[in-house]
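As stored in model-v3.cif (mmCIF, C-alpha atoms):
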```cif
data_model
loop_
_atom_site.label_atom_id
_atom_site.label_comp_id
_atom_site.auth_asym_id
_atom_site.auth_seq_id
_atom_site.Cartn_x
_atom_site.Cartn_y
_atom_site.Cartn_z
CA MET A 286 -109.79 -98.09 -35.11
CA ARG A 287 -106.56 -100.08 -35.07
CA SER A 288 -103.49 -98.32 -36.42
CA ILE A 289 -101.57 -100.04 -39.21
CA TRP A 290 -98.52 -97.79 -39.21
CA ASN A 291 -96.89 -95.46 -36.69
CA GLY A 292 -94.61 -92.59 -37.63
CA ALA A 293 -94.57 -88.83 -38.03
CA ILE A 294 -95.49 -86.12 -40.51
CA SER A 295 -92.45 -84.06 -41.52
CA PHE A 296 -93.64 -80.50 -42.15
CA GLY A 297 -90.46 -78.49 -42.67
CA LEU A 298 -88.78 -78.52 -39.28
CA VAL A 299 -92.05 -79.49 -37.59
CA SER A 300 -92.55 -83.17 -36.74
CA ILE A 301 -96.05 -84.41 -35.93
CA PRO A 302 -96.37 -87.90 -34.42
CA ILE A 303 -99.27 -89.73 -36.09
CA LYS A 304 -100.94 -93.11 -36.40
CA LEU A 305 -102.17 -94.39 -39.75
CA VAL A 306 -105.61 -96.04 -39.74
CA ASN A 307 -107.77 -97.30 -42.60
CA ALA A 308 -110.43 -94.79 -43.64
CA THR A 309 -112.52 -97.32 -45.58
CA GLU A 310 -113.87 -100.81 -44.99
CA SER A 311 -115.25 -103.49 -47.24
CA HIS A 312 -118.67 -105.04 -46.63
CA ALA A 313 -118.32 -107.59 -49.40
CA ILE A 314 -119.39 -111.16 -48.55
CA SER A 315 -116.52 -113.61 -48.81
CA PHE A 316 -116.85 -117.27 -49.77
CA ARG A 317 -114.90 -120.40 -48.90
CA GLN A 318 -113.85 -123.00 -51.40
CA ILE A 319 -115.39 -126.41 -50.73
CA HIS A 320 -115.40 -129.92 -52.14
CA THR A 321 -118.76 -130.10 -53.95
CA GLU A 322 -119.30 -133.77 -53.13
CA ASP A 323 -119.14 -133.51 -49.34
CA ASN A 324 -118.81 -129.74 -48.58
CA GLY A 325 -115.37 -130.25 -47.14
CA ARG A 326 -113.18 -127.14 -46.86
CA ILE A 327 -110.41 -126.72 -49.43
CA ARG A 328 -107.30 -125.42 -47.71
CA TYR A 329 -103.98 -124.23 -49.04
CA ARG A 330 -100.95 -125.53 -47.24
CA LYS A 331 -97.52 -123.92 -47.47
CA VAL A 332 -95.05 -126.62 -48.39
CA CYS A 333 -91.28 -126.37 -48.79
CA GLU A 334 -90.33 -127.70 -52.23
CA LEU A 335 -86.93 -129.01 -51.08
CA GLU A 336 -88.11 -130.87 -47.98
CA ASP A 337 -91.61 -131.64 -49.26
CA ARG A 338 -93.21 -130.80 -45.93
CA GLU A 339 -95.59 -128.19 -44.58
CA VAL A 340 -93.92 -125.25 -42.80
CA SER A 341 -95.30 -122.81 -40.20
CA GLN A 342 -95.58 -119.04 -40.57
CA ALA A 343 -92.58 -118.48 -38.33
CA GLU A 344 -90.39 -120.36 -40.80
CA ILE A 345 -91.43 -118.22 -43.79
CA GLY A 346 -89.37 -115.23 -44.93
CA LYS A 347 -88.91 -113.02 -48.03
CA ALA A 348 -86.51 -113.36 -50.94
CA TYR A 349 -85.91 -111.78 -54.33
CA GLU A 350 -85.71 -114.19 -57.24
CA ASP A 351 -82.89 -113.29 -59.62
CA ALA A 352 -83.13 -113.79 -63.37
CA ASP A 353 -81.29 -117.12 -63.14
CA GLY A 354 -83.61 -118.41 -60.40
CA THR A 355 -81.29 -117.64 -57.49
CA MET A 356 -83.10 -116.64 -54.29
CA ILE A 357 -81.67 -113.60 -52.46
CA PRO A 358 -83.07 -113.50 -48.89
CA ILE A 359 -84.31 -110.07 -47.62
CA THR A 360 -85.05 -109.74 -43.91
CA ASP A 361 -87.23 -107.26 -42.05
CA ASP A 362 -84.06 -105.81 -40.57
CA ASP A 363 -82.76 -105.12 -44.07
CA LEU A 364 -85.96 -103.26 -44.91
CA SER A 365 -85.94 -101.22 -41.70
CA HIS A 366 -82.47 -99.85 -42.49
CA LEU A 367 -83.21 -98.67 -46.01
CA PRO A 368 -81.35 -95.40 -46.71
CA ILE A 369 -84.49 -93.32 -47.33
CA PRO A 370 -85.95 -90.58 -45.10
CA THR A 371 -89.51 -91.89 -45.48
CA ALA A 372 -88.98 -95.19 -43.64
CA ARG A 373 -91.04 -93.95 -40.67
CA THR A 374 -91.95 -90.49 -41.89
CA ILE A 375 -94.62 -88.98 -44.12
CA GLU A 376 -92.51 -86.29 -45.74
CA ILE A 377 -94.49 -83.38 -47.23
CA VAL A 378 -92.73 -82.21 -50.39
CA ALA A 379 -95.20 -79.66 -51.86
CA PHE A 380 -98.62 -77.98 -51.60
CA VAL A 381 -100.72 -77.84 -54.78
CA PRO A 382 -104.35 -77.09 -55.74
CA ALA A 383 -106.59 -80.13 -55.44
CA ASP A 384 -107.55 -80.04 -59.14
CA ARG A 385 -103.93 -80.75 -60.04
CA ILE A 386 -104.38 -84.35 -58.86
CA ASP A 387 -105.66 -86.76 -61.49
CA PRO A 388 -108.37 -89.01 -59.95
CA LEU A 389 -106.78 -91.93 -61.80
CA GLN A 390 -103.85 -91.70 -59.40
CA MET A 391 -105.94 -92.03 -56.23
CA GLY A 392 -105.78 -95.28 -54.33
CA ALA A 393 -106.40 -96.36 -50.73
CA ALA A 394 -107.56 -93.79 -48.16
CA TYR A 395 -106.28 -93.43 -44.60
CA TYR A 396 -106.91 -91.20 -41.60
CA LEU A 397 -103.93 -89.64 -39.83
CA ALA A 398 -104.58 -89.62 -36.08
CA ALA A 399 -102.53 -87.44 -33.75
CA GLY A 400 -100.09 -89.52 -31.73
CA GLY A 401 -100.75 -88.29 -28.22
CA ALA A 402 -101.28 -84.89 -26.56
CA PRO A 403 -97.98 -83.32 -27.72
CA ALA A 404 -99.07 -83.81 -31.35
CA ALA A 405 -102.38 -81.96 -30.90
CA LYS A 406 -101.11 -78.42 -31.59
CA PRO A 407 -98.89 -79.11 -34.66
CA TYR A 408 -101.61 -81.41 -36.03
CA THR A 409 -104.20 -78.63 -35.70
CA LEU A 410 -101.75 -76.13 -37.22
CA LEU A 411 -101.30 -78.26 -40.36
CA ARG A 412 -105.06 -78.88 -40.65
CA GLU A 413 -105.95 -75.19 -40.44
CA ALA A 414 -103.15 -74.22 -42.85
CA LEU A 415 -104.55 -76.66 -45.40
CA LYS A 416 -108.04 -75.22 -44.92
CA ARG A 417 -106.91 -71.63 -45.34
CA SER A 418 -104.83 -72.31 -48.45
CA ASN A 419 -107.46 -74.47 -50.20
CA LYS A 420 -104.61 -76.75 -51.20
CA VAL A 421 -103.57 -80.33 -50.61
CA ALA A 422 -100.19 -81.59 -49.45
CA ILE A 423 -98.15 -84.00 -51.59
CA ALA A 424 -96.06 -86.37 -49.50
CA LYS A 425 -93.84 -89.43 -49.78
CA TYR A 426 -93.95 -92.33 -47.32
CA ALA A 427 -92.89 -95.97 -47.07
CA LEU A 428 -95.45 -98.70 -46.43
CA ARG A 429 -95.43 -102.47 -46.96
CA GLY A 430 -91.96 -102.65 -48.41
CA ARG A 431 -92.07 -99.78 -50.87
CA GLU A 432 -92.02 -96.00 -51.02
CA ARG A 433 -95.31 -94.45 -51.98
CA LEU A 434 -96.84 -91.14 -52.96
CA GLY A 435 -99.68 -89.59 -50.96
CA MET A 436 -102.03 -86.63 -50.87
CA LEU A 437 -103.07 -85.06 -47.54
CA ARG A 438 -106.36 -83.18 -47.28
CA VAL A 439 -108.81 -82.10 -44.59
CA VAL A 440 -111.92 -84.19 -43.90
CA GLY A 441 -114.03 -82.66 -41.15
CA ASP A 442 -111.67 -82.10 -38.22
CA ALA A 443 -109.22 -84.78 -39.33
CA ILE A 444 -106.42 -85.05 -41.87
CA ALA A 445 -106.86 -87.80 -44.43
CA MET A 446 -104.26 -89.23 -46.75
CA HIS A 447 -104.94 -90.80 -50.14
CA GLY A 448 -102.35 -93.14 -51.54
CA LEU A 449 -101.36 -92.03 -55.04
CA LEU A 450 -99.92 -93.98 -57.91
CA TRP A 451 -96.67 -92.72 -59.31
CA PRO A 452 -97.22 -90.88 -62.61
CA ASP A 453 -95.50 -93.64 -64.59
CA GLU A 454 -97.95 -96.19 -63.14
CA VAL A 455 -100.93 -94.58 -64.89
CA ARG A 456 -101.39 -95.85 -68.43
CA ALA A 457 -102.11 -93.48 -71.30
CA PRO A 458 -105.59 -94.03 -72.86
CA GLU A 459 -104.18 -95.16 -76.19
CA GLY A 460 -106.53 -97.19 -78.38
CA VAL A 461 -109.45 -96.71 -76.01
CA ALA A 462 -111.42 -93.93 -77.70
CA PRO A 463 -113.30 -94.68 -80.95
CA ASP A 464 -111.04 -94.34 -83.97
CA THR A 465 -113.91 -93.49 -86.33
CA HIS A 466 -114.93 -89.92 -87.08
CA VAL A 467 -118.25 -89.01 -85.46
CA THR A 468 -120.25 -85.84 -86.13
CA LEU A 469 -122.56 -84.65 -83.36
CA ARG A 470 -125.43 -82.26 -84.01
CA ASP A 471 -126.35 -79.44 -81.65
CA LYS A 472 -129.81 -81.00 -81.20
CA GLU A 473 -128.25 -84.22 -79.93
CA LEU A 474 -126.11 -82.30 -77.45
CA ASP A 475 -129.16 -80.30 -76.35
CA LEU A 476 -131.05 -83.52 -75.63
CA ALA A 477 -128.06 -84.93 -73.74
CA ASP A 478 -127.98 -81.75 -71.64
CA ALA A 479 -131.73 -82.05 -71.03
CA LEU A 480 -131.27 -85.64 -69.86
CA MET A 481 -128.45 -84.62 -67.50
CA ASP A 482 -130.57 -81.80 -66.07
CA THR A 483 -133.55 -84.12 -65.62
CA LEU A 484 -131.54 -86.77 -63.79
CA GLY A 485 -130.07 -83.99 -61.64
CA GLU A 486 -128.00 -84.67 -58.56
CA VAL A 487 -128.08 -87.46 -56.00
CA ASP A 488 -127.25 -87.77 -52.34
CA LEU A 489 -124.55 -90.43 -52.16
CA GLU A 490 -125.91 -91.48 -48.77
CA ASP A 491 -129.03 -92.77 -50.53
CA LEU A 492 -127.06 -95.19 -52.70
CA HIS A 493 -126.54 -98.77 -51.52
CA ASP A 494 -125.23 -102.08 -52.75
CA GLU A 495 -128.25 -103.92 -54.16
CA TYR A 496 -126.13 -106.88 -55.22
CA GLN A 497 -125.03 -107.55 -51.65
CA GLU A 498 -128.60 -107.23 -50.35
CA ALA A 499 -129.80 -109.78 -52.90
CA LEU A 500 -126.90 -112.07 -52.01
CA GLU A 501 -127.80 -111.88 -48.32
CA GLU A 502 -131.38 -112.87 -49.16
CA VAL A 503 -130.14 -115.91 -51.09
CA ILE A 504 -127.89 -117.00 -48.20
CA ALA A 505 -130.70 -116.53 -45.65
CA ALA A 506 -133.15 -118.52 -47.79
CA LYS A 507 -130.77 -121.42 -48.29
CA ALA A 508 -129.82 -121.44 -44.61
CA SER A 509 -133.49 -121.86 -43.65
CA GLY A 510 -134.08 -124.55 -46.29
CA GLU A 511 -136.20 -122.34 -48.52
CA ALA A 512 -135.91 -121.77 -52.24
CA PRO A 513 -133.86 -118.69 -53.10
CA PRO A 514 -135.81 -115.78 -54.59
CA GLU A 515 -136.04 -115.76 -58.35
CA ALA A 516 -134.36 -112.99 -60.28
CA PRO A 517 -136.62 -110.80 -62.42
CA ALA A 518 -136.49 -111.42 -66.12
CA PRO A 519 -133.96 -109.10 -67.76
CA ALA A 520 -135.38 -106.46 -70.06
CA ALA A 521 -134.96 -107.20 -73.72
CA ALA A 522 -132.18 -105.06 -75.07
CA GLY A 523 -132.84 -103.94 -78.61
CA LYS A 524 -130.58 -102.13 -80.98
CA VAL A 525 -130.63 -98.35 -80.72
CA LEU A 526 -131.12 -97.33 -84.30
CA ASP A 527 -132.10 -93.71 -83.62
CA LEU A 528 -129.95 -91.85 -81.09
CA MET A 529 -132.32 -88.89 -81.00
CA ALA A 530 -135.32 -91.10 -80.22
CA ALA A 531 -133.35 -92.88 -77.49
CA LEU A 532 -132.40 -89.56 -75.90
CA GLU A 533 -135.98 -88.28 -76.08
CA ASN A 534 -137.35 -91.45 -74.50
CA SER A 535 -134.69 -91.26 -71.79
CA VAL A 536 -135.62 -87.68 -70.93
CA ARG A 537 -139.33 -88.60 -70.86
CA ALA A 538 -138.73 -91.66 -68.65
CA ALA A 539 -136.52 -89.70 -66.24
CA ARG A 540 -139.17 -87.01 -65.84
CA GLU A 541 -141.93 -89.56 -65.29
CA SER A 542 -139.84 -91.34 -62.65
CA ARG A 543 -139.51 -88.05 -60.77
CA GLY A 544 -143.24 -87.38 -61.04
CA GLU A 545 -142.77 -84.41 -63.35
CA ALA A 546 -145.17 -83.53 -66.12
CA PRO A 547 -143.76 -84.32 -69.55
CA ALA A 548 -142.48 -81.16 -71.21
CA GLU A 549 -142.68 -82.12 -74.85
CA ALA A 550 -141.77 -78.64 -76.00
CA GLU A 551 -138.39 -78.94 -74.31
CA ALA A 552 -137.63 -82.55 -75.12
CA GLU A 553 -138.87 -82.53 -78.73
CA VAL A 554 -136.34 -80.54 -80.70
CA ARG A 555 -136.52 -82.37 -84.01
CA PRO A 556 -138.55 -80.77 -86.81
CA LEU A 557 -141.59 -82.95 -87.42
CA THR A 558 -142.41 -83.95 -91.02
CA ARG A 559 -145.93 -82.90 -92.08
CA ARG A 560 -148.18 -85.89 -92.64
CA ALA A 561 -151.26 -86.04 -94.87
CA ALA A 562 -154.61 -85.87 -93.06
CA PRO A 563 -156.35 -89.26 -92.75
CA LYS A 564 -159.28 -89.97 -95.07
CA ALA A 565 -162.75 -89.48 -93.62
CA ALA A 566 -165.68 -91.85 -94.10
CA GLY A 567 -166.63 -90.06 -97.35
CA GLY A 568 -163.67 -91.49 -99.25
CA LYS A 569 -162.92 -89.39 -102.36
CA LYS A 570 -164.98 -86.42 -101.19
CA SER A 571 -162.85 -85.99 -98.05
CA THR A 572 -159.67 -86.06 -100.17
CA ALA A 573 -161.06 -83.45 -102.52
CA THR A 574 -162.10 -81.29 -99.59
CA ALA A 575 -158.61 -81.57 -98.06
CA LYS A 576 -157.01 -80.53 -101.37
CA LYS A 577 -159.35 -77.54 -101.69
CA THR A 578 -158.60 -76.49 -98.12
CA THR A 579 -154.83 -76.75 -98.68
CA THR A 580 -154.79 -74.84 -101.97
CA ALA A 581 -157.42 -72.22 -101.13
CA LYS A 582 -155.24 -69.34 -99.99
CA LYS A 583 -157.08 -66.50 -101.83
CA PRO A 584 -159.86 -64.82 -99.82
CA GLU A 585 -162.26 -64.28 -102.78
CA PRO A 586 -163.27 -67.95 -103.34
CA ALA A 587 -163.94 -68.32 -99.65
CA ARG A 588 -166.29 -65.28 -99.72
CA LYS A 589 -168.10 -66.63 -102.77
CA SER A 590 -168.59 -70.01 -101.18
CA THR A 591 -169.86 -68.26 -98.05
CA SER A 592 -172.33 -66.10 -100.00
CA LYS A 593 -173.58 -69.13 -101.97
CA ALA A 594 -174.14 -71.07 -98.79
CA ALA A 595 -175.95 -68.08 -97.24
CA SER A 596 -178.21 -67.64 -100.31
CA LYS A 597 -179.08 -71.34 -100.30
CA THR A 598 -179.92 -71.17 -96.61
CA ALA A 599 -182.06 -68.04 -97.12
CA SER A 600 -183.99 -69.60 -100.03
CA LYS A 601 -184.68 -72.74 -98.03
CA THR A 602 -185.93 -70.65 -95.12
CA ALA A 603 -188.16 -68.55 -97.40
CA SER A 604 -189.68 -71.63 -99.03
CA LYS A 605 -190.42 -73.15 -95.65
CA ALA A 606 -192.01 -69.92 -94.51
CA ALA A 607 -194.17 -69.78 -97.68
CA GLN A 608 -195.27 -73.34 -97.20
CA GLY A 609 -196.18 -72.59 -93.62
CA THR A 610 -198.24 -69.54 -94.71
CA LYS A 611 -200.14 -71.57 -97.32
CA LYS A 612 -200.92 -74.25 -94.78
CA THR A 613 -202.19 -71.64 -92.32
CA ALA A 614 -204.45 -69.98 -94.98
CA ALA A 615 -205.85 -73.36 -96.03
CA ALA A 616 -206.62 -74.21 -92.45
CA LYS A 617 -208.46 -70.91 -91.93
CA SER A 618 -210.57 -71.37 -95.07
CA THR A 619 -211.49 -74.86 -93.95
CA GLU A 620 -212.62 -73.52 -90.58
CA LYS A 621 -214.79 -70.85 -92.26
CA LYS A 622 -216.49 -73.40 -94.51
CA THR A 623 -217.23 -75.68 -91.57
CA ALA A 624 -218.75 -72.78 -89.60
CA ALA A 625 -220.94 -71.77 -92.57
CA LYS A 626 -222.29 -75.31 -92.97
CA LYS A 627 -223.20 -75.50 -89.28
CA THR A 628 -225.09 -72.18 -89.50
CA ALA A 629 -227.08 -73.27 -92.56
CA SER A 630 -228.09 -76.52 -90.95
CA ARG A 631 -229.39 -74.70 -87.85
CA LYS A 632 -231.55 -72.40 -89.97
CA ARG A 633 -233.11 -75.32 -91.80
CA THR A 634 -233.88 -77.09 -88.60
CA ALA A 635 -235.57 -73.95 -87.23
#
```
The structure in this file should be written as structure tokens.
Amino acid sequence: MRSIWNGAISFGLVSIPIKLVNATESHAISFRQIHTEDNGRIRYRKVCELEDREVSQAEIGKAYEDADGTMIPITDDDLSHLPIPTARTIEIVAFVPADRIDPLQMGAAYYLAAGGAPAAKPYTLLREALKRSNKVAIAKYALRGRERLGMLRVVGDAIAMHGLLWPDEVRAPEGVAPDTHVTLRDKELDLADALMDTLGEVDLEDLHDEYQEALEEVIAAKASGEAPPEAPAPAAAGKVLDLMAALENSVRAARESRGEAPAEAEAEVRPLTRRAAPKAAGGKKSTATAKKTTTAKKPEPARKSTSKAASKTASKTASKAAQGTKKTAAAKSTEKKTAAKKTASRKRTA
């Protein structure tokens, strides 16, 4: 990795030679501006307003524009002799717990590489001291024409530095939060907690830039003369009229996406309103039966109805049995008469 700044870390009376290298890189696809009629490149040329001619990079310097439009030239030599101790030094001014740093202040990230063999021991000393204390170092340094604030912390076996905004560069969140009074119920918070627990954690290594992947597919298709892939139709976004229902559906969808069985007892926390039973095919009779079932709380009517049903069943059974006995007796008498007739006919024949 190419260093972008060389200097030293000032740690009390200890000086640690270091090289500053970028800790991050951008994979974003960049575009060129073209003339749409012939695809010609659009270029920006640096032109001097007084001479009306293009100038080279070697002829370009810096200047401060005063309120009246006067240009005050500032050279690199002027900047290198600024009367500040951080011109070529990362000066550590304090050690604080990491949670004292507001994430809003964090900016670009850099790695601090040891500048040669002599820097190995003091570099390791600072790294191990930061590990043991569980703190981060607050430092001041100068880079790209201005003094900056930084935070040093340990990443693996290296020391990293995050550029920090000055406190007065962070805006207060005035007028951002809703100005209307909102009342939240415990059930809504419980569902929000359930949704957070269902979504769980994620390994940041598994996340990737889907927009860039889709953009690469479009570029590859157009380069080969093919039609770019069509984007899927966006889902219709409806108004969320019921926050509780939206939370419940979100919990259910998150569990299904993870292959978990839906736990309705956990997700459903709203009291359900009792609905009337649907009418059966009997019409009015089913309604009357439902009313009797709902209002019949005393045990005596139920016993009476049971005894009546039992007596009806017993009487039906007895009548069937009697009918069966009569039929059997009639059949036997018929058999006897037939046998008697046959005997009489035999005697006559004899």
(message) Can you pull out the residues contacting region 408-420 of chain A? Cut-off 7 Å, using only C-alpha atoms, and skip same-chain residues under 3 positions away; I want them as a count of residues only.
(response) 10
(request) Please provide as a list in words all residues within 10 Å of Gly401 (chain A), with the sequence filter that same-chain residues fewer than 5 positions apart are discarded (counting only C-alpha atoms). (result) Ile301, Pro302, Ile303 and Lys304 of chain A
(request) Enumerate, as a ChimeraX atom specification, the residues matched when the PyMOL selection byres ((chain A and resi 342) around 12) is run on the file above. (result) /A:330-333,339-341,343-347
(request) Take CA of Ala422 (chain A) and CA of Ser288 (chain A) and report the distance between them in Å, one decimal. (result)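 Result for CA of Ala422 (chain A) versus CA of Ser288 (chain A): 21.5 Å, one decimal.
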(request) Could you check how far CA of Arg287 (chain A) sits from CA of Asp442 (chain A), in Å to one decimal? (result)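 Between CA of Arg287 (chain A) and CA of Asp442 (chain A) the gap is 19.0 Å.
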(message) My list of candidates is A:Ile423, A:Ala348, A:Ile294, A:Ala308. Which is closest to Ile386 (chain A) when distances are computed with all atoms listed in the file?
(response)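 Of all the options, A:Ile423 lies closest to Ile386 (chain A).
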(request) Please determine the residues with any atom at most 12 Å from (-87.9, -98.1, -54.9) (coordinates as given in the file, with all atoms listed in the file counting) and report them as a list in words. (result) Leu364, Leu367, Pro368, Ile369, Thr371, Ala372, Lys425, Tyr426, Ala427, Leu428, Arg429, Gly430, Arg431, Glu432, Arg433, Leu434 and Trp451 of chain A
(request) Using all atoms listed in the file, find the one residue out of A:Met391, A:Ile314, A:Ala518, A:Ala477 that sits nearest to Ala530 (chain A). (result)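 Closest residue, counting all atoms listed in the file: A:Ala477.
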(message) Rounded to one decimal, what separation in Å do you get between CA of Ala379 (chain A) and CA of Ala424 (chain A)?
(response) 7.2 Å
(request) Return as a PyMOL selection string the set of residues that the PyMOL selection byres ((chain A and resi 446) around 6) yields on the displayed structure. (result) chain A and resi 394-395+436-437+445+447
(message) I'd like the neighbourhood of region 490-507 of chain A as a PyMOL selection string, where a residue qualifies if any of its atoms comes within 9 Å (using all atoms listed in the file), though same-chain residues fewer than 6 positions away should be ignored.
(response) chain A and resi 312-314+513-514
Test item: write region 498-518 of chain A with N, CA and C atoms as a PDB file, in the first residue's frame:
```
ATOM      1  N   GLU A 498     -23.257  -4.990  -8.544  1.00  0.00           N
ATOM      2  CA  GLU A 498     -23.329  -6.228  -9.318  1.00  0.00           C
ATOM      3  C   GLU A 498     -24.309  -6.085 -10.483  1.00  0.00           C
ATOM      4  N   ALA A 499     -25.449  -5.471 -10.220  1.00  0.00           N
ATOM      5  CA  ALA A 499     -26.428  -5.262 -11.295  1.00  0.00           C
ATOM      6  C   ALA A 499     -25.875  -4.317 -12.351  1.00  0.00           C
ATOM      7  N   LEU A 500     -25.133  -3.296 -11.916  1.00  0.00           N
ATOM      8  CA  LEU A 500     -24.551  -2.351 -12.863  1.00  0.00           C
ATOM      9  C   LEU A 500     -23.502  -3.033 -13.742  1.00  0.00           C
ATOM     10  N   GLU A 501     -22.728  -3.924 -13.166  1.00  0.00           N
ATOM     11  CA  GLU A 501     -21.736  -4.669 -13.954  1.00  0.00           C
ATOM     12  C   GLU A 501     -22.417  -5.555 -14.996  1.00  0.00           C
ATOM     13  N   GLU A 502     -23.554  -6.141 -14.643  1.00  0.00           N
ATOM     14  CA  GLU A 502     -24.295  -6.964 -15.605  1.00  0.00           C
ATOM     15  C   GLU A 502     -24.803  -6.117 -16.778  1.00  0.00           C
ATOM     16  N   VAL A 503     -25.275  -4.919 -16.475  1.00  0.00           N
ATOM     17  CA  VAL A 503     -25.755  -4.028 -17.538  1.00  0.00           C
ATOM     18  C   VAL A 503     -24.611  -3.657 -18.470  1.00  0.00           C
ATOM     19  N   ILE A 504     -23.443  -3.308 -17.901  1.00  0.00           N
ATOM     20  CA  ILE A 504     -22.296  -2.920 -18.727  1.00  0.00           C
ATOM     21  C   ILE A 504     -21.842  -4.089 -19.590  1.00  0.00           C
ATOM     22  N   ALA A 505     -21.785  -5.302 -19.003  1.00  0.00           N
ATOM     23  CA  ALA A 505     -21.355  -6.473 -19.766  1.00  0.00           C
ATOM     24  C   ALA A 505     -22.329  -6.784 -20.891  1.00  0.00           C
ATOM     25  N   ALA A 506     -23.625  -6.644 -20.635  1.00  0.00           N
ATOM     26  CA  ALA A 506     -24.616  -6.929 -21.672  1.00  0.00           C
ATOM     27  C   ALA A 506     -24.511  -5.938 -22.816  1.00  0.00           C
ATOM     28  N   LYS A 507     -24.361  -4.670 -22.503  1.00  0.00           N
ATOM     29  CA  LYS A 507     -24.276  -3.669 -23.560  1.00  0.00           C
ATOM     30  C   LYS A 507     -22.961  -3.769 -24.329  1.00  0.00           C
ATOM     31  N   ALA A 508     -21.894  -4.187 -23.649  1.00  0.00           N
ATOM     32  CA  ALA A 508     -20.618  -4.353 -24.341  1.00  0.00           C
ATOM     33  C   ALA A 508     -20.664  -5.491 -25.350  1.00  0.00           C
ATOM     34  N   SER A 509     -21.458  -6.524 -25.064  1.00  0.00           N
ATOM     35  CA  SER A 509     -21.578  -7.660 -25.982  1.00  0.00           C
ATOM     36  C   SER A 509     -22.738  -7.503 -26.952  1.00  0.00           C
ATOM     37  N   GLY A 510     -23.403  -6.349 -26.958  1.00  0.00           N
ATOM     38  CA  GLY A 510     -24.488  -6.097 -27.893  1.00  0.00           C
ATOM     39  C   GLY A 510     -25.805  -6.720 -27.496  1.00  0.00           C
ATOM     40  N   GLU A 511     -25.932  -7.169 -26.262  1.00  0.00           N
ATOM     41  CA  GLU A 511     -27.174  -7.785 -25.820  1.00  0.00           C
ATOM     42  C   GLU A 511     -28.039  -6.761 -25.090  1.00  0.00           C
ATOM     43  N   ALA A 512     -29.299  -7.117 -24.923  1.00  0.00           N
ATOM     44  CA  ALA A 512     -30.207  -6.242 -24.191  1.00  0.00           C
ATOM     45  C   ALA A 512     -29.914  -6.351 -22.700  1.00  0.00           C
ATOM     46  N   PRO A 513     -29.873  -5.251 -22.006  1.00  0.00           N
ATOM     47  CA  PRO A 513     -29.609  -5.316 -20.558  1.00  0.00           C
ATOM     48  C   PRO A 513     -30.730  -6.032 -19.832  1.00  0.00           C
ATOM     49  N   PRO A 514     -30.420  -6.694 -18.733  1.00  0.00           N
ATOM     50  CA  PRO A 514     -31.478  -7.408 -17.985  1.00  0.00           C
ATOM     51  C   PRO A 514     -32.520  -6.440 -17.459  1.00  0.00           C
ATOM     52  N   GLU A 515     -33.756  -6.925 -17.453  1.00  0.00           N
ATOM     53  CA  GLU A 515     -34.864  -6.086 -16.990  1.00  0.00           C
ATOM     54  C   GLU A 515     -34.949  -6.136 -15.472  1.00  0.00           C
ATOM     55  N   ALA A 516     -35.263  -5.007 -14.908  1.00  0.00           N
ATOM     56  CA  ALA A 516     -35.412  -4.924 -13.454  1.00  0.00           C
ATOM     57  C   ALA A 516     -36.742  -5.521 -13.044  1.00  0.00           C
ATOM     58  N   PRO A 517     -36.807  -6.215 -11.915  1.00  0.00           N
ATOM     59  CA  PRO A 517     -38.091  -6.753 -11.452  1.00  0.00           C
ATOM     60  C   PRO A 517     -39.055  -5.629 -11.100  1.00  0.00           C
ATOM     61  N   ALA A 518     -40.319  -5.928 -11.268  1.00  0.00           N
ATOM     62  CA  ALA A 518     -41.327  -4.914 -10.966  1.00  0.00           C
ATOM     63  C   ALA A 518     -41.310  -4.600  -9.475  1.00  0.00           C
TER      64      ALA A 518
END
```
